[in-house]
Structure formats: structure tokens, C-alpha cells
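K.L.:
As input, take query.txt (compact mmCIF, C-alpha atoms and all ligand atoms):
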```txt
# COMPACT_ATOMS: atom_id res chain seq x y z
CA MET A 84 18.12 0.10 30.21
CA THR A 85 15.22 2.54 30.40
CA THR A 86 14.91 5.14 33.13
CA PRO A 87 12.89 3.71 36.03
CA VAL A 88 9.52 5.23 36.88
CA LEU A 89 10.45 4.82 40.56
CA ALA A 90 14.00 4.81 41.95
CA VAL A 91 14.40 4.40 45.70
CA SER A 92 17.95 4.88 46.92
CA GLY A 93 19.57 4.66 50.35
CA VAL A 94 16.34 5.22 52.30
CA ASP A 95 16.33 4.85 56.09
CA LYS A 96 13.19 4.82 58.23
CA THR A 97 12.98 5.00 62.00
CA PHE A 98 9.74 5.56 63.90
CA THR A 99 9.78 7.65 67.07
CA MET A 100 7.34 6.30 69.64
CA HIS A 101 6.18 9.53 71.25
CA LEU A 102 3.90 7.72 73.71
CA GLN A 103 6.88 5.58 74.88
CA GLY A 104 9.09 8.48 75.89
CA GLY A 105 10.43 9.03 72.36
CA GLN A 106 11.76 5.46 72.00
CA LEU A 107 13.24 4.87 68.53
CA LEU A 108 12.14 1.97 66.32
CA PRO A 109 14.48 1.53 63.34
CA VAL A 110 12.67 -0.31 60.53
CA LEU A 111 14.62 0.12 57.27
CA ARG A 112 18.25 0.83 56.42
CA GLY A 113 19.66 1.57 52.98
CA LEU A 114 16.46 0.63 51.13
CA SER A 115 17.23 0.72 47.41
CA PHE A 116 15.28 -0.62 44.42
CA GLU A 117 13.80 0.43 41.09
CA VAL A 118 10.52 -0.17 39.30
CA HIS A 119 10.31 0.23 35.53
CA ALA A 120 7.38 0.91 33.22
CA GLY A 121 5.42 -2.27 32.49
CA GLU A 122 6.85 -4.07 35.51
CA CYS A 123 5.06 -5.33 38.63
CA VAL A 124 7.30 -5.59 41.70
CA ALA A 125 6.09 -7.25 44.91
CA LEU A 126 7.32 -6.34 48.38
CA GLY A 127 7.86 -9.54 50.33
CA GLY A 128 8.87 -10.34 53.89
CA SER A 129 7.33 -11.16 57.25
CA SER A 130 4.79 -9.11 59.16
CA GLY A 131 6.38 -5.95 60.51
CA ALA A 132 9.28 -5.98 58.01
CA GLY A 133 8.23 -2.56 56.72
CA LYS A 134 6.30 -3.30 53.49
CA SER A 135 3.38 -0.92 54.13
CA SER A 136 5.79 1.73 55.41
CA ILE A 137 7.60 1.60 52.04
CA LEU A 138 4.37 2.21 50.12
CA LYS A 139 3.48 5.06 52.49
CA MET A 140 6.91 6.67 52.03
CA VAL A 141 6.64 6.43 48.23
CA TYR A 142 3.15 7.97 48.40
CA GLY A 143 4.47 10.74 50.65
CA ASN A 144 2.42 9.83 53.74
CA TYR A 145 5.50 8.91 55.79
CA ALA A 146 8.73 10.89 55.70
CA ALA A 147 12.00 9.15 54.85
CA GLU A 148 14.79 10.22 57.18
CA ARG A 149 17.52 9.73 54.58
CA GLY A 150 17.90 8.84 50.90
CA SER A 151 15.82 9.63 47.82
CA ILE A 152 12.55 8.43 46.28
CA VAL A 153 12.58 9.66 42.70
CA LEU A 154 9.45 9.44 40.55
CA ARG A 155 9.62 10.04 36.83
CA THR A 156 6.88 10.34 34.26
CA PRO A 157 8.02 8.18 31.31
CA GLY A 158 8.44 10.27 28.19
CA GLY A 159 7.89 13.40 30.24
CA ALA A 160 9.75 16.63 29.69
CA VAL A 161 13.08 17.30 31.37
CA GLY A 162 12.31 18.22 34.96
CA SER A 163 9.40 15.81 35.28
CA ALA A 164 11.26 13.94 38.02
CA ILE A 165 10.43 14.59 41.65
CA ASP A 166 12.15 13.36 44.81
CA VAL A 167 9.25 12.56 47.13
CA ALA A 168 11.67 12.28 50.08
CA ALA A 169 12.64 15.94 49.67
CA ALA A 170 9.40 17.35 48.23
CA GLY A 171 7.03 19.73 49.99
CA PRO A 172 3.33 18.90 50.46
CA ARG A 173 2.21 20.74 47.30
CA GLN A 174 4.72 18.88 45.11
CA VAL A 175 3.56 15.59 46.64
CA LEU A 176 -0.04 16.46 45.73
CA VAL A 177 1.03 17.24 42.15
CA ALA A 178 2.89 13.91 41.97
CA ARG A 179 -0.26 12.12 43.19
CA ARG A 180 -2.37 13.88 40.56
CA ASP A 181 0.00 13.28 37.65
CA THR A 182 2.18 10.30 38.47
CA MET A 183 1.04 7.85 41.15
CA GLY A 184 -2.10 6.14 42.35
CA TYR A 185 -2.50 4.21 45.60
CA VAL A 186 -4.96 1.46 46.43
CA SER A 187 -4.94 1.37 50.22
CA GLN A 188 -6.33 -1.58 52.18
CA PHE A 189 -9.46 0.29 53.19
CA LEU A 190 -11.78 2.65 51.38
CA ARG A 191 -11.70 6.17 52.76
CA CYS A 192 -14.13 8.53 51.08
CA VAL A 193 -16.49 11.41 51.56
CA PRO A 194 -19.68 10.30 53.33
CA ARG A 195 -23.01 10.36 51.44
CA VAL A 196 -21.40 10.14 47.99
CA GLY A 197 -22.52 7.20 45.83
CA ALA A 198 -20.14 4.41 44.72
CA LEU A 199 -20.28 5.31 41.01
CA GLN A 200 -19.37 8.91 41.73
CA ILE A 201 -16.57 7.86 44.09
CA VAL A 202 -15.02 5.73 41.35
CA ALA A 203 -15.51 8.35 38.61
CA GLU A 204 -14.13 11.21 40.76
CA PRO A 205 -10.37 10.72 40.06
CA LEU A 206 -11.04 11.01 36.31
CA VAL A 207 -13.29 14.07 36.67
CA GLU A 208 -10.67 15.73 38.91
CA ARG A 209 -8.14 15.24 36.09
CA GLY A 210 -10.38 16.90 33.52
CA ALA A 211 -12.27 13.96 31.94
CA PRO A 212 -15.82 14.70 30.73
CA PRO A 213 -18.17 13.51 33.54
CA ALA A 214 -20.19 11.23 31.23
CA ARG A 215 -17.04 9.43 30.05
CA ALA A 216 -15.78 9.15 33.62
CA ARG A 217 -19.08 7.60 34.72
CA ASP A 218 -18.99 5.13 31.80
CA ARG A 219 -15.49 4.04 32.72
CA ALA A 220 -16.49 3.76 36.41
CA ALA A 221 -19.54 1.69 35.47
CA GLU A 222 -17.36 -0.62 33.39
CA LEU A 223 -15.01 -1.27 36.32
CA LEU A 224 -17.82 -1.73 38.86
CA THR A 225 -19.42 -4.25 36.51
CA ARG A 226 -16.17 -6.18 36.08
CA LEU A 227 -15.74 -6.19 39.85
CA ALA A 228 -19.28 -7.54 40.32
CA ILE A 229 -20.76 -4.59 42.23
CA PRO A 230 -24.51 -4.86 41.49
CA GLU A 231 -25.97 -1.83 39.69
CA ARG A 232 -28.53 -1.28 42.45
CA LEU A 233 -25.63 -0.29 44.76
CA TRP A 234 -24.00 2.23 42.43
CA SER A 235 -25.95 5.26 43.69
CA LEU A 236 -25.49 4.31 47.37
CA PRO A 237 -22.62 5.47 49.63
CA PRO A 238 -20.28 2.49 50.31
CA ALA A 239 -20.25 3.06 54.11
CA THR A 240 -22.79 0.23 54.57
CA PHE A 241 -21.27 -2.10 51.94
CA SER A 242 -19.64 -5.39 52.98
CA GLY A 243 -15.86 -5.45 53.49
CA GLY A 244 -15.31 -7.12 50.12
CA GLU A 245 -17.65 -4.69 48.31
CA GLN A 246 -15.86 -1.70 49.84
CA GLN A 247 -12.52 -3.13 48.80
CA ARG A 248 -13.75 -3.61 45.22
CA VAL A 249 -15.01 0.01 45.07
CA ASN A 250 -11.59 1.05 46.38
CA ILE A 251 -9.86 -1.00 43.66
CA ALA A 252 -12.12 0.45 40.94
CA ARG A 253 -11.27 3.96 42.16
CA GLY A 254 -7.55 3.19 42.10
CA PHE A 255 -7.64 1.55 38.67
CA VAL A 256 -9.85 4.10 36.90
CA THR A 257 -6.97 6.47 36.13
CA SER A 258 -3.94 5.68 33.95
CA LEU A 259 -1.02 7.02 35.95
CA PRO A 260 2.60 5.88 35.43
CA LEU A 261 2.91 4.29 38.91
CA LEU A 262 0.33 2.33 40.87
CA LEU A 263 0.88 1.32 44.52
CA LEU A 264 -1.18 -1.63 45.79
CA ASP A 265 -1.53 -2.53 49.48
CA GLU A 266 -3.00 -6.04 49.58
CA PRO A 267 -5.63 -5.39 46.93
CA THR A 268 -7.14 -8.88 47.20
CA ALA A 269 -7.13 -9.29 51.00
CA SER A 270 -10.88 -9.74 51.54
CA LEU A 271 -11.98 -10.95 48.11
CA ASP A 272 -13.43 -14.28 47.01
CA ALA A 273 -11.70 -16.38 44.33
CA ARG A 274 -13.70 -14.95 41.41
CA ASN A 275 -12.99 -11.33 42.32
CA ARG A 276 -9.36 -12.18 43.06
CA ASP A 277 -9.09 -13.38 39.46
CA VAL A 278 -10.64 -10.14 38.18
CA VAL A 279 -8.13 -8.06 40.15
CA THR A 280 -5.30 -10.26 38.85
CA GLU A 281 -6.51 -9.54 35.30
CA LEU A 282 -6.78 -5.80 35.98
CA ILE A 283 -3.21 -5.75 37.29
CA ARG A 284 -1.95 -7.63 34.25
CA GLU A 285 -3.77 -5.22 31.92
CA LYS A 286 -2.17 -2.23 33.64
CA ARG A 287 1.25 -3.86 33.36
CA ALA A 288 0.72 -4.60 29.66
CA ARG A 289 -0.16 -0.94 29.08
CA GLY A 290 3.14 0.16 30.63
CA THR A 291 2.13 1.08 34.18
CA ALA A 292 4.81 0.45 36.81
CA LEU A 293 3.26 -1.40 39.76
CA LEU A 294 4.59 -1.82 43.30
CA GLY A 295 2.51 -3.92 45.65
CA ILE A 296 2.06 -6.11 48.70
CA PHE A 297 0.37 -9.41 47.80
CA HIS A 298 0.02 -11.80 50.72
CA ASP A 299 -1.85 -14.27 48.52
CA ALA A 300 0.90 -16.40 46.92
CA THR A 301 -1.26 -17.32 43.90
CA VAL A 302 -1.93 -13.67 43.12
CA ARG A 303 1.73 -12.76 43.68
CA GLU A 304 2.93 -15.46 41.31
CA ALA A 305 0.36 -14.46 38.71
CA VAL A 306 1.22 -10.75 38.67
CA ALA A 307 4.72 -10.09 40.00
CA ASP A 308 7.80 -10.01 37.79
CA ARG A 309 10.01 -10.12 40.88
CA VAL A 310 9.86 -9.91 44.67
CA ILE A 311 11.94 -7.60 46.84
CA GLU A 312 12.59 -9.23 50.21
CA VAL A 313 12.28 -6.26 52.54
CA GLU A 314 14.21 -8.03 55.33
CA ARG A 315 17.38 -7.44 53.29
CA PHE A 316 17.04 -3.86 54.49
CA ALA A 317 16.42 -4.60 58.17
CA PRO A 318 18.64 -2.49 60.47
CA ALA A 319 20.08 -5.53 62.27
CA LEU A 320 21.62 -6.82 59.04
CA GLY A 321 23.45 -3.54 58.58
CA ALA A 322 22.31 -3.10 54.99
CA ALA A 323 22.90 0.63 55.10
CA ALA A 324 25.12 1.98 52.36
N1 LIG A 401 3.02 5.17 62.22
C1 LIG A 401 3.79 4.33 62.89
N2 LIG A 401 4.27 4.64 64.12
C2 LIG A 401 5.08 3.80 64.79
N3 LIG A 401 5.47 2.59 64.33
C3 LIG A 401 5.02 2.23 63.12
C4 LIG A 401 4.17 3.07 62.34
N4 LIG A 401 3.90 2.44 61.16
C5 LIG A 401 4.55 1.25 61.22
N5 LIG A 401 5.22 1.13 62.39
C6 LIG A 401 6.06 0.00 62.79
O1 LIG A 401 7.00 -0.27 61.74
C7 LIG A 401 7.15 -1.66 61.54
C8 LIG A 401 6.82 -1.99 60.10
O2 LIG A 401 5.42 -1.83 59.89
P1 LIG A 401 4.72 -2.08 58.48
O3 LIG A 401 3.27 -1.87 58.65
O4 LIG A 401 5.44 -1.28 57.45
O5 LIG A 401 5.06 -3.63 58.26
P2 LIG A 401 4.52 -4.66 57.18
O6 LIG A 401 5.72 -5.37 56.64
O7 LIG A 401 3.67 -3.94 56.19
O8 LIG A 401 3.64 -5.62 58.07
P3 LIG A 401 2.29 -6.46 57.76
O9 LIG A 401 2.66 -7.51 56.74
O10 LIG A 401 1.95 -7.04 59.08
O11 LIG A 401 1.26 -5.47 57.28
C9 LIG A 401 6.24 -2.35 62.55
O12 LIG A 401 7.03 -2.74 63.65
C10 LIG A 401 5.25 -1.28 62.95
O13 LIG A 401 4.83 -1.43 64.29
```
Represent the supplied structure as C-alpha cells.
P.N.:
Amino acid sequence: MTTPVLAVSGVDKTFTMHLQGGQLLPVLRGLSFEVHAGECVALGGSSGAGKSSILKMVYGNYAAERGSIVLRTPGGAVGSAIDVAAAGPRQVLVARRDTMGYVSQFLRCVPRVGALQIVAEPLVERGAPPARARDRAAELLTRLAIPERLWSLPPATFSGGEQQRVNIARGFVTSLPLLLLDEPTASLDARNRDVVTELIREKRARGTALLGIFHDATVREAVADRVIEVERFAPALGAAA
């Protein structure tokens, strides 16, 4: 068996509700799973089970209170593994630059920057020639049916679906070993949903490890190799190791 790109082991997560007198909300106990190169794993389970929290912990936005979240660059040199659960902010930023991308549900970007530049930016930041980065961005925006007349405009005034497609293009423009997807097709029409399904399959075929939340059952069945039922790690079931 190959070494996983992502190995989550024995992770617990409890939120502290500071506005409710420090009340504790345990969400996950003993969360453990792996994602390998060229595999797409879906996080399943009911609303509030902790799916988004898992993506945010892997991306380093939320802290894990226990356990490890090890990321490895396939084929990388010895020492290319990082435990996000124990890493400092700088190491997390390096891991985001070199190892993992994240398509969040909503586009967050610098105001007054045009859509094409927003999509090309992650490539330019990683040293790609700007002209090549713009070509690649244009290719993705075309596939995702963003009309060329919008490319120079900031997406703040775009429709919800257009913003989501710019967000997807920005997340898919790089070729990082791990890609995290938080409901990438939530506000898309059927045609664009099919394009995103294709983009996910292409990434998988090129060896990217994907971990995502797909509420749309058709999309999930089309892209996911397996589903992790997050409720298995609910505190009440005592799944802790
Ligand atoms: N920052 C936070 N502070 C406090 N509680 C939080 C925070 N983030 C999530 N929670 C709580 O943790 C639980 C899991 O939330 P999460 O968003 O991970 O669930 P989910 O499975 O992604 O749900 P959905 O399918 O509805 O998006 C919820 O009860 C939520 O209220």
C-alpha cells in the first residue's frame, strides 16, 4: 500500500462556546482516516456532524485538540511530511503553498481585482510566468462558462453561481497533492455541475488526493471512491481510541 497523502489519526474536536459561559460542544472523537493519491473521498453524514470542521482542521483553520493530521507530498524528500495538528502558523502556510488547496463554499478575495487575475494568482504566487498563468485561468473560466466580458471585473457583483465558479477555477488552477472541496457544486446549474464533476475526475486521474463534502448525491456518486460517515466519530458513540 502506498503512503497516504493525508493521514488523520485519533483527532478529537470540541468547540468552546465563549458567549455561552464557556460551554463545551464535543463534535468529533477519535477521527481517523486516510486519503491516497488519485483517490476522492467524500465526507458524509447529517447536518452538524462535523464535515466542514474536518476540512477546516485539515486546512489548519481550526485546531485539533488531540491526534495528528499528517500531510505528505508524494515522492517528496524525507521530511516532506507535516503534522498540521502540531504545526505553527508558518508551517501551515508552507503546507498550503506546496501541498493543499481548498475550495471553500464562498469566494473570499481582494476587492477591485478582476476575475481572471484572481484565478491566475495562485499560479503566479508559485512562480509561474504570468502569461501562462493567465492562459490557464482563461481556459478554466471558459470551461466554467464565465463570459469573457466579466473576466476583467471584480467578482463582488457576480451572481452566487458565477462567484462559486470563479472560486472553483481558483482552487483548480494549481496542481497540489491534496485538494479539499466544501460543497463545490452547491449553487450550480446542471451543466456547470457536470463541468465540475469532470474537473474533479481529471484531478483524480492525475493523482491528486481529494477530500470533499458533496451534498448532491449524483455528484458524490460520480466522483467519490468511498464515503466516510462522520457520525461514526460522534462523541456519543464513544468512538475515541
Ligand atoms: N467555530 C465554531 N464555533 C462553535 N461551534 C462550531 C463552530 N464551527 C462548527 N461548530 C459546531 O460544530 C458542529 C459541526 O459543524 P460543521 O459545520 O462541521 O457540520 P457539518 O457536518 O459540516 O454541517 P452542514 O452539513 O450543515 O454544513 C455544529 O454543531 C456547529 O454548530
K.L.:
Write out as a VMD selection string each polymer residue whose atoms come within 8 Å of range 240-244 of chain A, counting all atoms listed in the file; drop sequence neighbours fewer than 3 positions from it.
P.N.:
chain A and resid 237 247 to 248 270 to 271
K.L.:
Identify which of the residues A:Ser115, A:Thr182, A:Gln188, A:Gln174 lies closest to ligand LIG 401 (chain A), counting only C-alpha atoms and all ligand atoms when measuring atom-to-atom distances.
P.N.:
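Of A:Ser115, A:Thr182, A:Gln188, A:Gln174, the one nearest ligand LIG 401 (chain A), counting only C-alpha atoms and all ligand atoms, is A:Gln188.
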K.L.:
Which residues form the shell of 10 Å around ligand LIG 401 (chain A) when you count only C-alpha atoms and all ligand atoms, given as a PyMOL selection string?
P.N.:
chain A and resi 96-102+106-111+126-140+144-145+188+265-266+296-298+313-314
K.L.:
For each of A:Ile201, A:Val124, A:Val141, A:Ala170, take the minimum atom-to-atom distance to Leu236 in chain A, counting only C-alpha atoms, then give the residue where this is smallest.
P.N.:
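Nearest candidate to Leu236 in chain A out of A:Ile201, A:Val124, A:Val141, A:Ala170: A:Ile201.
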K.L.:
Kindly give the distance, in Å, that separates CA of Gly93 in chain A and CA of Arg287 in chain A, rounded to a single decimal.
P.N.:
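CA of Gly93 in chain A sits 26.4 Å away from CA of Arg287 in chain A.
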K.L.:
Using the atoms already present, construct N, CA and C atoms for range 250-268 of chain A and hand them back as an mmCIF file, keeping the file's coordinate frame.
P.N.:
```cif
data_model
loop_
_atom_site.group_PDB
_atom_site.id
_atom_site.type_symbol
_atom_site.label_atom_id
_atom_site.label_comp_id
_atom_site.auth_asym_id
_atom_site.auth_seq_id
_atom_site.Cartn_x
_atom_site.Cartn_y
_atom_site.Cartn_z
ATOM 1 N N ASN A 250 -12.915 0.438 46.193
ATOM 2 C CA ASN A 250 -11.590 1.050 46.380
ATOM 3 C C ASN A 250 -10.660 0.702 45.209
ATOM 4 N N ILE A 251 -10.699 -0.561 44.782
ATOM 5 C CA ILE A 251 -9.860 -1.000 43.660
ATOM 6 C C ILE A 251 -10.306 -0.295 42.380
ATOM 7 N N ALA A 252 -11.618 -0.224 42.150
ATOM 8 C CA ALA A 252 -12.120 0.450 40.940
ATOM 9 C C ALA A 252 -11.649 1.903 40.926
ATOM 10 N N ARG A 253 -11.705 2.557 42.073
ATOM 11 C CA ARG A 253 -11.270 3.960 42.160
ATOM 12 C C ARG A 253 -9.772 4.096 41.862
ATOM 13 N N GLY A 254 -8.993 3.144 42.325
ATOM 14 C CA GLY A 254 -7.550 3.190 42.100
ATOM 15 C C GLY A 254 -7.159 2.842 40.668
ATOM 16 N N PHE A 255 -7.990 2.008 40.018
ATOM 17 C CA PHE A 255 -7.640 1.550 38.670
ATOM 18 C C PHE A 255 -8.255 2.403 37.565
ATOM 19 N N VAL A 256 -9.119 3.348 37.928
ATOM 20 C CA VAL A 256 -9.850 4.100 36.900
ATOM 21 C C VAL A 256 -8.937 5.063 36.132
ATOM 22 N N THR A 257 -7.895 5.548 36.790
ATOM 23 C CA THR A 257 -6.970 6.470 36.130
ATOM 24 C C THR A 257 -5.847 5.666 35.446
ATOM 25 N N SER A 258 -5.088 6.343 34.592
ATOM 26 C CA SER A 258 -3.940 5.680 33.950
ATOM 27 C C SER A 258 -2.689 6.475 34.296
ATOM 28 N N LEU A 259 -2.208 6.288 35.510
ATOM 29 C CA LEU A 259 -1.020 7.020 35.950
ATOM 30 C C LEU A 259 0.207 6.126 35.772
ATOM 31 N N PRO A 260 1.406 6.703 35.686
ATOM 32 C CA PRO A 260 2.600 5.880 35.430
ATOM 33 C C PRO A 260 2.930 4.878 36.530
ATOM 34 N N LEU A 261 2.575 5.190 37.795
ATOM 35 C CA LEU A 261 2.910 4.290 38.910
ATOM 36 C C LEU A 261 1.665 3.995 39.725
ATOM 37 N N LEU A 262 1.466 2.715 40.044
ATOM 38 C CA LEU A 262 0.330 2.330 40.870
ATOM 39 C C LEU A 262 0.832 1.520 42.067
ATOM 40 N N LEU A 263 0.481 1.983 43.276
ATOM 41 C CA LEU A 263 0.880 1.320 44.520
ATOM 42 C C LEU A 263 -0.314 0.511 45.033
ATOM 43 N N LEU A 264 -0.084 -0.745 45.389
ATOM 44 C CA LEU A 264 -1.180 -1.630 45.790
ATOM 45 C C LEU A 264 -0.888 -2.250 47.155
ATOM 46 N N ASP A 265 -1.726 -1.949 48.150
ATOM 47 C CA ASP A 265 -1.530 -2.530 49.480
ATOM 48 C C ASP A 265 -2.545 -3.643 49.693
ATOM 49 N N GLU A 266 -2.131 -4.863 49.445
ATOM 50 C CA GLU A 266 -3.000 -6.040 49.580
ATOM 51 C C GLU A 266 -4.354 -5.868 48.911
ATOM 52 N N PRO A 267 -4.369 -5.696 47.596
ATOM 53 C CA PRO A 267 -5.630 -5.390 46.930
ATOM 54 C C PRO A 267 -6.638 -6.539 46.936
ATOM 55 N N THR A 268 -6.196 -7.748 47.245
ATOM 56 C CA THR A 268 -7.140 -8.880 47.200
ATOM 57 C C THR A 268 -7.433 -9.456 48.588
#
```
